[in-house]
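Peer 1: Structure file query_35.txt, compact mmCIF, C-alpha atoms, is pasted below:
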```txt
# COMPACT_ATOMS: atom_id res chain seq x y z
CA MET O 1 72.80 193.73 85.83
CA GLU O 2 73.31 195.94 82.83
CA ARG O 3 74.19 199.45 84.00
CA ASN O 4 72.62 201.52 81.23
CA ALA O 5 69.37 199.55 81.27
CA LEU O 6 69.27 199.81 85.05
CA THR O 7 69.85 203.56 84.93
CA ILE O 8 66.97 203.94 82.48
CA ALA O 9 64.75 201.76 84.68
CA MET O 10 65.63 203.89 87.73
CA LYS O 11 64.86 207.16 85.93
CA THR O 12 61.60 205.79 84.57
CA SER O 13 60.59 204.68 88.05
CA ILE O 14 61.52 207.99 89.64
CA SER O 15 59.33 209.73 87.06
CA GLU O 16 56.45 207.30 87.59
CA VAL O 17 56.48 207.79 91.34
CA LEU O 18 57.24 211.47 91.70
CA GLU O 19 55.13 212.60 88.77
CA THR O 20 52.17 210.21 89.25
CA MET O 21 51.74 210.47 93.00
CA PHE O 22 53.45 213.73 93.87
CA PHE O 23 52.97 215.81 90.71
CA LEU O 24 56.60 216.90 90.66
CA PRO O 25 58.02 218.00 87.31
CA LEU O 26 61.43 216.35 86.93
CA GLU O 27 64.74 216.71 85.16
CA PHE O 28 67.79 214.50 85.42
CA PRO O 29 70.97 216.59 85.30
CA ASP O 30 74.36 215.00 84.77
CA SER O 31 75.62 215.41 88.35
CA LYS O 32 77.31 212.27 89.55
CA ARG O 33 77.74 213.30 93.17
CA GLY O 34 75.38 214.41 95.92
CA ASP O 35 77.93 217.06 96.88
CA ASP O 36 77.25 218.74 93.54
CA LEU O 37 73.60 219.06 94.51
CA TRP O 38 73.69 220.10 98.14
CA GLY O 39 77.31 220.87 98.92
CA ALA O 40 79.38 218.84 101.35
CA GLU O 41 78.40 221.03 104.30
CA ARG O 42 74.66 220.49 104.03
CA ASN O 43 73.24 218.49 106.88
CA ASP O 44 69.51 218.88 106.36
CA VAL O 45 68.91 216.02 103.96
CA VAL O 46 66.48 213.25 104.88
CA MET O 47 67.90 209.91 103.78
CA SER O 48 65.99 206.69 103.45
CA LYS O 49 67.59 203.32 102.79
CA LEU O 50 66.01 200.17 101.41
CA SER O 51 67.81 196.86 101.04
CA PHE O 52 66.93 194.31 98.40
CA SER O 53 67.79 190.72 97.58
CA GLY O 54 67.17 188.46 94.64
CA PRO O 55 69.33 187.76 91.58
CA VAL O 56 71.62 190.44 93.05
CA GLU O 57 71.72 192.09 96.47
CA GLY O 58 72.22 195.67 97.50
CA TYR O 59 70.44 198.78 98.63
CA PHE O 60 68.96 202.07 97.52
CA VAL O 61 69.45 205.39 99.30
CA LEU O 62 67.10 208.29 98.60
CA PHE O 63 68.23 211.83 99.49
CA VAL O 64 65.55 214.46 100.02
CA PRO O 65 66.29 217.91 101.48
CA GLU O 66 64.16 218.50 104.59
CA ASN O 67 62.24 221.44 103.12
CA VAL O 68 61.34 219.34 100.07
CA ALA O 69 60.34 216.39 102.26
CA LEU O 70 58.06 218.67 104.26
CA SER O 71 56.50 220.17 101.16
CA ILE O 72 55.83 216.89 99.35
CA THR O 73 54.45 215.30 102.53
CA GLY O 74 52.03 218.19 102.97
CA ASN O 75 50.93 217.93 99.35
CA PHE O 76 50.65 214.15 99.51
CA LEU O 77 48.47 214.25 102.61
CA GLY O 78 46.59 217.37 101.58
CA THR O 79 47.44 219.16 104.82
CA ASP O 80 49.21 222.37 105.76
CA GLU O 81 52.94 222.03 106.20
CA GLU O 82 52.58 223.35 109.75
CA SER O 83 50.52 220.33 110.73
CA VAL O 84 52.81 217.73 109.17
CA SER O 85 54.55 215.52 111.75
CA GLN O 86 58.08 214.14 111.59
CA GLU O 87 56.55 210.64 111.47
CA GLU O 88 54.55 211.62 108.39
CA ILE O 89 57.63 213.12 106.71
CA GLU O 90 59.69 210.03 107.33
CA GLY O 91 56.80 207.78 106.30
CA THR O 92 56.42 209.63 103.02
CA VAL O 93 60.13 209.49 102.19
CA LYS O 94 60.19 205.78 103.03
CA GLU O 95 57.16 205.17 100.83
CA ILE O 96 58.81 207.00 97.94
CA ILE O 97 61.93 204.85 98.06
CA ASN O 98 59.78 201.73 98.43
CA MET O 99 57.80 202.57 95.29
CA ILE O 100 60.86 203.60 93.30
CA ALA O 101 62.72 200.40 94.18
CA GLY O 102 59.80 198.11 93.36
CA SER O 103 59.13 199.94 90.14
CA THR O 104 62.81 199.89 89.13
CA PHE O 105 63.01 196.11 89.25
CA CYS O 106 59.68 195.74 87.50
CA ASN O 107 60.78 198.12 84.73
CA TYR O 108 64.17 196.41 84.45
CA ASP O 109 62.89 192.83 84.31
CA ASP O 110 59.38 191.86 85.37
CA GLN O 111 60.30 188.17 85.27
CA ALA O 112 62.91 188.49 88.00
CA VAL O 113 61.76 188.27 91.59
CA PHE O 114 63.38 190.67 94.03
CA SER O 115 62.51 190.91 97.70
CA LEU O 116 62.48 194.37 99.17
CA GLY O 117 63.42 195.06 102.78
CA ILE O 118 61.60 197.47 105.05
CA PRO O 119 62.66 201.06 104.31
CA VAL O 120 64.34 202.96 107.11
CA VAL O 121 65.37 206.57 107.64
CA VAL O 122 69.11 206.80 108.20
CA HIS O 123 70.94 209.55 110.00
CA GLU O 124 74.37 210.05 108.53
CA SER O 125 76.78 212.40 110.20
CA GLU O 126 78.31 215.17 108.17
CA VAL O 127 81.66 213.44 108.43
CA ALA O 128 80.21 210.23 107.09
CA ARG O 129 78.48 212.06 104.28
CA LYS O 130 81.70 213.78 103.29
CA GLY O 131 83.21 210.33 103.08
CA ARG O 132 80.33 208.87 101.06
CA ASN O 133 81.49 207.19 97.91
CA TRP O 134 79.31 208.81 95.29
CA GLU O 135 81.02 206.81 92.55
CA GLU O 136 79.75 203.56 94.06
CA GLY O 137 76.90 201.98 92.15
CA ILE O 138 74.59 204.32 90.27
CA PHE O 139 73.79 207.83 91.44
CA ILE O 140 70.97 209.76 89.82
CA ALA O 141 70.54 213.46 90.47
CA ILE O 142 66.96 214.69 90.35
CA HIS O 143 65.91 218.29 89.84
CA SER O 144 62.35 219.35 90.44
CA LEU O 145 61.96 223.09 89.91
CA ASP O 146 64.42 224.51 92.46
CA ASN O 147 64.62 221.32 94.46
CA ARG O 148 67.49 218.84 94.40
CA LEU O 149 66.96 215.18 95.21
CA GLY O 150 69.13 212.13 94.61
CA LEU O 151 68.94 208.36 94.40
CA GLN O 152 71.86 205.98 94.77
CA MET O 153 71.74 202.27 94.09
CA VAL O 154 74.58 200.09 95.34
CA MET O 155 75.04 196.40 94.70
CA THR O 156 76.86 194.54 97.47
CA MET X 1 24.67 199.75 100.91
CA ALA X 2 27.68 201.06 102.80
CA PHE X 3 30.67 198.78 103.12
CA ASN X 4 33.37 198.68 105.78
CA VAL X 5 36.98 198.77 104.68
CA LEU X 6 40.27 197.79 106.30
CA ILE X 7 43.47 199.35 104.97
CA VAL X 8 46.71 197.60 105.90
CA ASP X 9 50.00 199.34 105.24
CA ASP X 10 53.01 200.10 107.43
CA SER X 11 53.18 203.56 105.87
CA LEU X 12 50.97 206.04 107.71
CA PRO X 13 50.88 208.50 104.77
CA MET X 14 49.94 205.72 102.34
CA ARG X 15 47.07 204.59 104.57
CA SER X 16 45.85 208.15 104.66
CA VAL X 17 46.04 208.55 100.88
CA ILE X 18 44.24 205.26 100.20
CA LYS X 19 41.50 206.25 102.66
CA LYS X 20 40.97 209.55 100.90
CA THR X 21 40.92 207.88 97.52
CA ILE X 22 38.22 205.46 98.63
CA LYS X 23 36.19 208.21 100.25
CA VAL X 24 35.96 210.14 96.98
CA SER X 25 35.53 207.04 94.83
CA GLY X 26 31.75 207.36 94.77
CA PHE X 27 31.03 204.38 96.98
CA GLU X 28 29.05 204.60 100.16
CA VAL X 29 31.68 203.75 102.71
CA GLY X 30 30.75 202.83 106.25
CA LYS X 31 33.55 202.41 108.77
CA MET X 32 37.19 202.59 107.74
CA PHE X 33 39.80 200.83 109.80
CA ASP X 34 43.54 200.74 109.38
CA ALA X 35 46.40 198.55 110.51
CA ALA X 36 50.18 198.77 110.19
CA ASN X 37 50.79 195.07 109.55
CA GLY X 38 49.06 191.72 109.05
CA LYS X 39 48.90 190.86 112.75
CA GLU X 40 47.08 194.07 113.61
CA ALA X 41 44.82 193.49 110.62
CA LEU X 42 43.85 189.99 111.78
CA ARG X 43 42.94 191.31 115.22
CA ILE X 44 40.64 193.91 113.66
CA LEU X 45 39.18 191.39 111.23
CA ARG X 46 38.21 189.14 114.13
CA GLU X 47 36.60 191.98 116.07
CA GLU X 48 34.80 193.95 113.37
CA TRP X 49 32.52 193.31 110.41
CA LEU X 50 34.58 194.04 107.26
CA ASP X 51 33.55 193.94 103.62
CA LEU X 52 36.86 194.67 101.93
CA VAL X 53 40.59 194.62 102.73
CA LEU X 54 43.26 196.59 100.88
CA THR X 55 46.71 195.49 101.98
CA ASP X 56 50.32 196.26 101.22
CA TYR X 57 52.62 193.31 100.55
CA ASN X 58 55.85 194.31 102.20
CA MET X 59 55.32 194.94 105.92
CA PRO X 60 57.07 194.04 109.18
CA ALA X 61 55.62 191.45 111.60
CA MET X 62 53.25 189.88 109.06
CA ASN X 63 53.30 190.74 105.38
CA GLY X 64 50.34 191.00 103.03
CA LEU X 65 50.75 187.53 101.57
CA GLU X 66 50.83 185.95 105.04
CA LEU X 67 47.73 187.93 105.96
CA LEU X 68 45.97 186.72 102.83
CA VAL X 69 46.87 183.10 103.56
CA GLU X 70 45.64 183.42 107.16
CA MET X 71 42.36 184.91 105.98
CA LYS X 72 41.77 182.15 103.43
CA ARG X 73 42.32 179.55 106.18
CA ASP X 74 39.70 181.14 108.40
CA GLU X 75 36.16 180.28 107.35
CA LEU X 76 34.81 183.50 108.85
CA LEU X 77 37.25 185.64 106.88
CA MET X 78 37.82 183.71 103.68
CA SER X 79 35.01 185.37 101.74
CA ILE X 80 36.20 188.93 102.35
CA PRO X 81 37.77 190.24 99.13
CA VAL X 82 41.41 191.28 99.44
CA ILE X 83 43.09 193.79 97.15
CA MET X 84 46.88 193.72 97.25
CA VAL X 85 48.30 197.24 96.86
CA THR X 86 52.03 196.94 96.48
CA THR X 87 55.30 197.90 94.86
CA GLU X 88 56.10 194.24 94.24
CA GLY X 89 55.33 194.03 90.55
CA SER X 90 57.07 190.98 89.12
CA GLU X 91 54.84 188.60 87.17
CA GLN X 92 55.69 185.76 89.52
CA ARG X 93 54.76 187.79 92.58
CA ILE X 94 51.43 188.81 91.04
CA LYS X 95 50.72 185.19 90.09
CA GLU X 96 51.59 184.01 93.60
CA VAL X 97 49.25 186.53 95.23
CA MET X 98 46.37 185.82 92.86
CA GLU X 99 46.78 182.07 93.35
CA GLU X 100 46.52 182.56 97.10
CA GLY X 101 43.14 184.15 96.56
CA ALA X 102 43.59 187.92 96.20
CA ALA X 103 40.64 189.48 94.42
CA GLU X 104 42.76 192.16 92.73
CA TYR X 105 46.26 193.54 92.50
CA ILE X 106 47.15 197.23 92.35
CA LYS X 107 50.71 198.25 91.69
CA LYS X 108 52.15 201.32 93.41
CA PRO X 109 52.40 204.03 92.24
CA PHE X 110 48.70 204.05 91.42
CA THR X 111 46.23 206.63 90.19
CA PRO X 112 42.88 207.28 91.89
CA GLU X 113 41.19 205.91 88.77
CA GLU X 114 42.96 202.56 89.16
CA ILE X 115 41.66 202.22 92.72
CA ARG X 116 38.17 203.22 91.61
CA SER X 117 38.12 200.76 88.74
CA LYS X 118 39.25 197.83 90.92
CA LEU X 119 36.63 198.73 93.53
CA ASN X 120 34.00 198.82 90.77
CA ARG X 121 35.00 195.37 89.65
CA ILE X 122 34.84 193.88 93.12
CA MET X 123 32.08 195.82 94.84
CA GLY X 124 30.00 196.67 91.78
CA GLU X 125 29.34 200.10 90.30
CA PRO X 126 28.28 202.75 92.81
CA GLN X 127 24.51 203.35 92.85
CA ASP X 128 23.32 206.48 91.00
CA GLY X 129 22.92 208.37 94.22
CA GLU X 130 26.45 207.49 95.24
CA LYS X 131 28.20 208.52 92.05
CA CYS X 132 30.96 211.01 92.56
CA PRO X 133 31.07 214.21 90.55
CA ASP X 134 33.11 214.21 87.33
CA ASN X 135 35.70 216.46 88.89
CA SER X 136 36.18 214.23 91.93
CA ASP X 137 39.88 213.83 91.13
CA GLU X 138 40.33 217.45 92.07
CA ASP X 139 39.51 216.49 95.62
CA LEU X 140 42.49 214.19 95.77
CA ASP X 141 45.83 215.22 97.04
CA PHE X 142 47.99 213.17 94.76
```
If you convert what's in this file into structure tokens, what do you get?

Peer 2:
Amino acid sequence: MERNALTIAMKTSISEVLETMFFLPLEFPDSKRGDDLWGAERNDVVMSKLSFSGPVEGYFVLFVPENVALSITGNFLGTDEESVSQEEIEGTVKEIINMIAGSTFCNYDDQAVFSLGIPVVVHESEVARKGRNWEEGIFIAIHSLDNRLGLQMVMT
Amino acid sequence: MAFNVLIVDDSLPMRSVIKKTIKVSGFEVGKMFDAANGKEALRILREEWLDLVLTDYNMPAMNGLELLVEMKRDELLMSIPVIMVTTEGSEQRIKEVMEEGAAEYIKKPFTPEEIRSKLNRIMGEPQDGEKCPDNSDEDLDF
């Protein structure tokens, strides 16, 4: 897969999903590492992973700070943040990565057929996150107002 | 006339958002049911009177395509229109779903207007008394 075209497809998809369904204004800074966004010590990031197969195989990981996940879930459901459950937060983050992944492949090549796995929330220890290889695959930093999100795509 | 709707999606928030979208779409909606996968959906379909099914494609246990195929094999369920609401957007996937008998295909992310327009096409325009106000989008949360 062609890296630049794929990066453009990922950014387009992120915009489509987060702007269309969550009304988040977005910017894509040049950060290449999650550590640049949240710092290596941060441990309050909700991560969702989605595997895919097709012409190539791999996975996406979406990183959403907990306070952002809570806020966008409340907005998405139209409820107060106080009444948002953990299940709803995780469901929303999983749905976001599901839509971004599907949209990425469609924007990249709508003739190719990719099968998406079932998104899961992953719990990565701080040690593991410090060891995360941010250079692997494509990492896209996402700024929305004061919020910092990230999306990594890795081909296996 | 009010119609009963079944929403099938493994994402609880997405089921909630689709429900709200339908509620403000201007149609007179009767009962709304929801299921987290195709198997649950089939159980509800065999117990309740449904007029429309909106289903995700990618779900555990039984996906949306398998649900569609099962419904088209069942003479009591085959006439219920099915709208596939999914992230799977390749041309081949859309063709496959339509060939299996889906009435419509909505790609996520969607806008409330897309849902409304597909419902119009399948269920007919809402009656005058059912029409939603022009600012109905303001009632939506996405």

Peer 1: Can I get the residues of chain X within 12 Å of chain O, each with the closest pair of atoms and their distance in Å to one decimal, using only C-alpha atoms, sorted chain first then ascending number, as CSV?

Peer 2:
```
residue,atom,partner,partner_atom,distance
X:Asp9,CA,O:Glu95,CA,10.2
X:Asp10,CA,O:Gly91,CA,8.6
X:Ser11,CA,O:Gly91,CA,5.6
X:Leu12,CA,O:Gly91,CA,6.2
X:Pro13,CA,O:Thr92,CA,5.9
X:Met14,CA,O:Glu95,CA,7.4
X:Arg15,CA,O:Leu77,CA,10.0
X:Ser16,CA,O:Leu77,CA,6.9
X:Val17,CA,O:Leu77,CA,6.4
X:Ile18,CA,O:Leu77,CA,10.2
X:Lys19,CA,O:Leu77,CA,10.6
X:Lys20,CA,O:Leu77,CA,9.0
X:Thr21,CA,O:Leu77,CA,11.1
X:Ala36,CA,O:Gly91,CA,11.8
X:Asn37,CA,O:Ile118,CA,12.0
X:Asp56,CA,O:Glu95,CA,11.2
X:Tyr57,CA,O:Leu116,CA,10.0
X:Asn58,CA,O:Ile118,CA,7.2
X:Met59,CA,O:Ile118,CA,6.8
X:Pro60,CA,O:Ile118,CA,7.0
X:Ala61,CA,O:Ile118,CA,10.7
X:Met62,CA,O:Ile118,CA,12.0
X:Asn63,CA,O:Ile118,CA,10.7
X:Val85,CA,O:Met99,CA,11.0
X:Thr86,CA,O:Met99,CA,8.1
X:Thr87,CA,O:Gly102,CA,4.7
X:Glu88,CA,O:Gly102,CA,5.4
X:Gly89,CA,O:Cys106,CA,5.6
X:Ser90,CA,O:Asp110,CA,4.5
X:Glu91,CA,O:Gln111,CA,5.8
X:Gln92,CA,O:Gln111,CA,6.7
X:Arg93,CA,O:Val113,CA,7.1
X:Ile94,CA,O:Asp110,CA,10.2
X:Lys95,CA,O:Gln111,CA,11.1
X:Glu96,CA,O:Val113,CA,11.2
X:Lys107,CA,O:Ser103,CA,8.7
X:Lys108,CA,O:Met99,CA,6.1
X:Pro109,CA,O:Val17,CA,5.6
X:Phe110,CA,O:Met21,CA,7.3
X:Thr111,CA,O:Thr20,CA,7.0
X:Pro112,CA,O:Met21,CA,9.5
X:Glu113,CA,O:Thr20,CA,11.8
X:Glu114,CA,O:Thr20,CA,12.0
X:Glu138,CA,O:Gly78,CA,11.4
X:Asp139,CA,O:Gly78,CA,9.3
X:Leu140,CA,O:Gly78,CA,7.8
X:Asp141,CA,O:Gly78,CA,5.1
X:Phe142,CA,O:Met21,CA,4.9
```

Peer 1: Could you tell me how far atom CA of X:Val8 sits from atom CA of X:Ile83, in Å to one decimal place?

Peer 2: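 Separation of atom CA of X:Ile83 and atom CA of X:Val8: 10.2 Å.
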
Peer 1: Which one of X:Glu70, X:Val24, X:Gly124, X:Pro81 sits closest to X:Leu54 if you count all atoms listed in the file?

Peer 2: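 Distance minimum relative to X:Leu54 lands on X:Pro81.
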
Peer 1: Distance atom CA of O:Lys11-atom CA of O:Asp146, one decimal place?

Peer 2: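 Between these atoms lies a distance of 18.5 Å.
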
Peer 1: Which residues are close to O:Glu136, i.e. within 9 Å by all atoms listed in the file, leaving aside same-chain residues fewer than 5 positions away? Reply as a PyMOL selection string.

Peer 2: chain O and resi 152-155

Peer 1: Looking at X:Ala41, X:Leu68, X:Ile106, X:Ile122, which one is nearest to X:Phe3, with distances taken over only C-alpha atoms?

Peer 2: X:Ile122

Peer 1: Between atom CA of O:Val56 and atom CA of O:Ile138, what distance in Å does the model show, to one decimal?

Peer 2: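 Here the two named atoms are 14.5 Å from each other.
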
Peer 1: Mind checking which residues fall within 7 Å of X:Met32, counting all atoms listed in the file, ignoring those fewer than 6 positions away in the same chain, and posting them as number ranges by chain?

Peer 2: X: 4-6

Peer 1: For X:Lys72, find every residue with an atom within 12 Å (counting all atoms listed in the file), except residues of its own chain fewer than 5 positions away, and show them as number ranges by chain.

Peer 2: X: 42, 65-67, 77-82, 97, 99-103
